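Okay, structure first, notes after.
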Amino acid sequence: MESIYLGEFNDREDILYYFDIVDKDLKNVNILFAVYEVEDCLDGSAFILFEKDGKLYEVNGISDSYNGLEGQWEPEEITIEDIKYRLKEGELGIGDGGDIFNKKLLKYIKENWLQLRTDRQFVLDHL
């Protein structure tokens, strides 16, 4: 499955750079969806969804004019059911990017639902 990079993230190297992590931190990590939206070159929100060893994880981060994403690489395990619930009832990510991330991730899931083994009808109902 092809990785989706949006906003300030163009590739895996950008994740290493912005979070100030090393290759070892991404060993055996399959990036599924990564977005980093920055508003007015100041405030930003990042959301990354990845697979490792058959499990899904998310990483969230925020930045401002003083601090970047450094030190915020803290993967948390997440399930497809968690994602579905948050897409329907809440938001993905933290900061001001949540609603944007929801829309972008819904589009991603719609385009890749077979590979993700998610519920196609759920996606179609929430676009």
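If you're wondering about the labels, chains in the structure tokens are A, B, ... by order shown, residues count from 1 in each chain, ligands from 1 in order shown.
Every protein or nucleic acid residue with an atom no more than 7 Å from A:Ile31, counting only C-alpha atoms and leaving out same-chain residues fewer than 3 positions away, appears here: A:Ser3, A:Leu49, A:Phe50, A:Glu51.
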Who sits within 12 Å of A:Asp25, only C-alpha atoms, same chain under 4 positions skipped, as a list in words: Arg12, Glu13, Ile15, Leu16, Tyr17, Phe19, Asp20, Ile21, Val29, Asn30, Lys52, Trp73, Glu74 and Pro75 of chain A
Sel. of alpha helix (DSSP H) residues, stretch 33-89 of chain A, as a VMD selection string: chain A and resid 80 to 89
What does the file look like for those residues with N, CA and C atoms, as an mmCIF file, in the first residue's frame?
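Output contents, as saved in again-v7.cif:
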data_model
loop_
_atom_site.group_PDB
_atom_site.id
_atom_site.type_symbol
_atom_site.label_atom_id
_atom_site.label_comp_id
_atom_site.auth_asym_id
_atom_site.auth_seq_id
_atom_site.Cartn_x
_atom_site.Cartn_y
_atom_site.Cartn_z
ATOM 1 N N ILE A 80 -8.706 -0.033 14.164
ATOM 2 C CA ILE A 80 -9.618 0.480 13.139
ATOM 3 C C ILE A 80 -10.900 0.962 13.811
ATOM 4 N N GLU A 81 -11.363 0.246 14.828
ATOM 5 C CA GLU A 81 -12.574 0.645 15.530
ATOM 6 C C GLU A 81 -12.387 1.999 16.207
ATOM 7 N N ASP A 82 -11.204 2.242 16.790
ATOM 8 C CA ASP A 82 -10.906 3.550 17.386
ATOM 9 C C ASP A 82 -10.994 4.649 16.334
ATOM 10 N N ILE A 83 -10.403 4.377 15.185
ATOM 11 C CA ILE A 83 -10.403 5.371 14.109
ATOM 12 C C ILE A 83 -11.830 5.649 13.654
ATOM 13 N N LYS A 84 -12.610 4.597 13.457
ATOM 14 C CA LYS A 84 -14.002 4.780 13.037
ATOM 15 C C LYS A 84 -14.761 5.648 14.040
ATOM 16 N N TYR A 85 -14.609 5.335 15.315
ATOM 17 C CA TYR A 85 -15.321 6.090 16.342
ATOM 18 C C TYR A 85 -14.921 7.565 16.314
ATOM 19 N N ARG A 86 -13.632 7.828 16.247
ATOM 20 C CA ARG A 86 -13.165 9.211 16.275
ATOM 21 C C ARG A 86 -13.531 9.965 15.012
ATOM 22 N N LEU A 87 -13.606 9.268 13.891
ATOM 23 C CA LEU A 87 -14.043 9.930 12.666
ATOM 24 C C LEU A 87 -15.515 10.318 12.762
ATOM 25 N N LYS A 88 -16.307 9.489 13.441
ATOM 26 C CA LYS A 88 -17.746 9.743 13.544
ATOM 27 C C LYS A 88 -18.082 10.671 14.707
ATOM 28 N N GLU A 89 -17.429 10.475 15.849
ATOM 29 C CA GLU A 89 -17.811 11.182 17.076
ATOM 30 C C GLU A 89 -16.853 12.280 17.519
#
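The closest residue to A:Glu8, picked from A:Gly44, A:Gly54, A:Gly71, A:Gly61 and counting only C-alpha atoms, is A:Gly44.
Closest approach to A:Ala34 among A:Phe47, A:Tyr66, A:Tyr57, A:Tyr18: A:Phe47, based on only C-alpha atoms.
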Tell me, which residues of stretch 8-91 of chain A carry DSSP strand (DSSP E), written as a count of residues only? 32
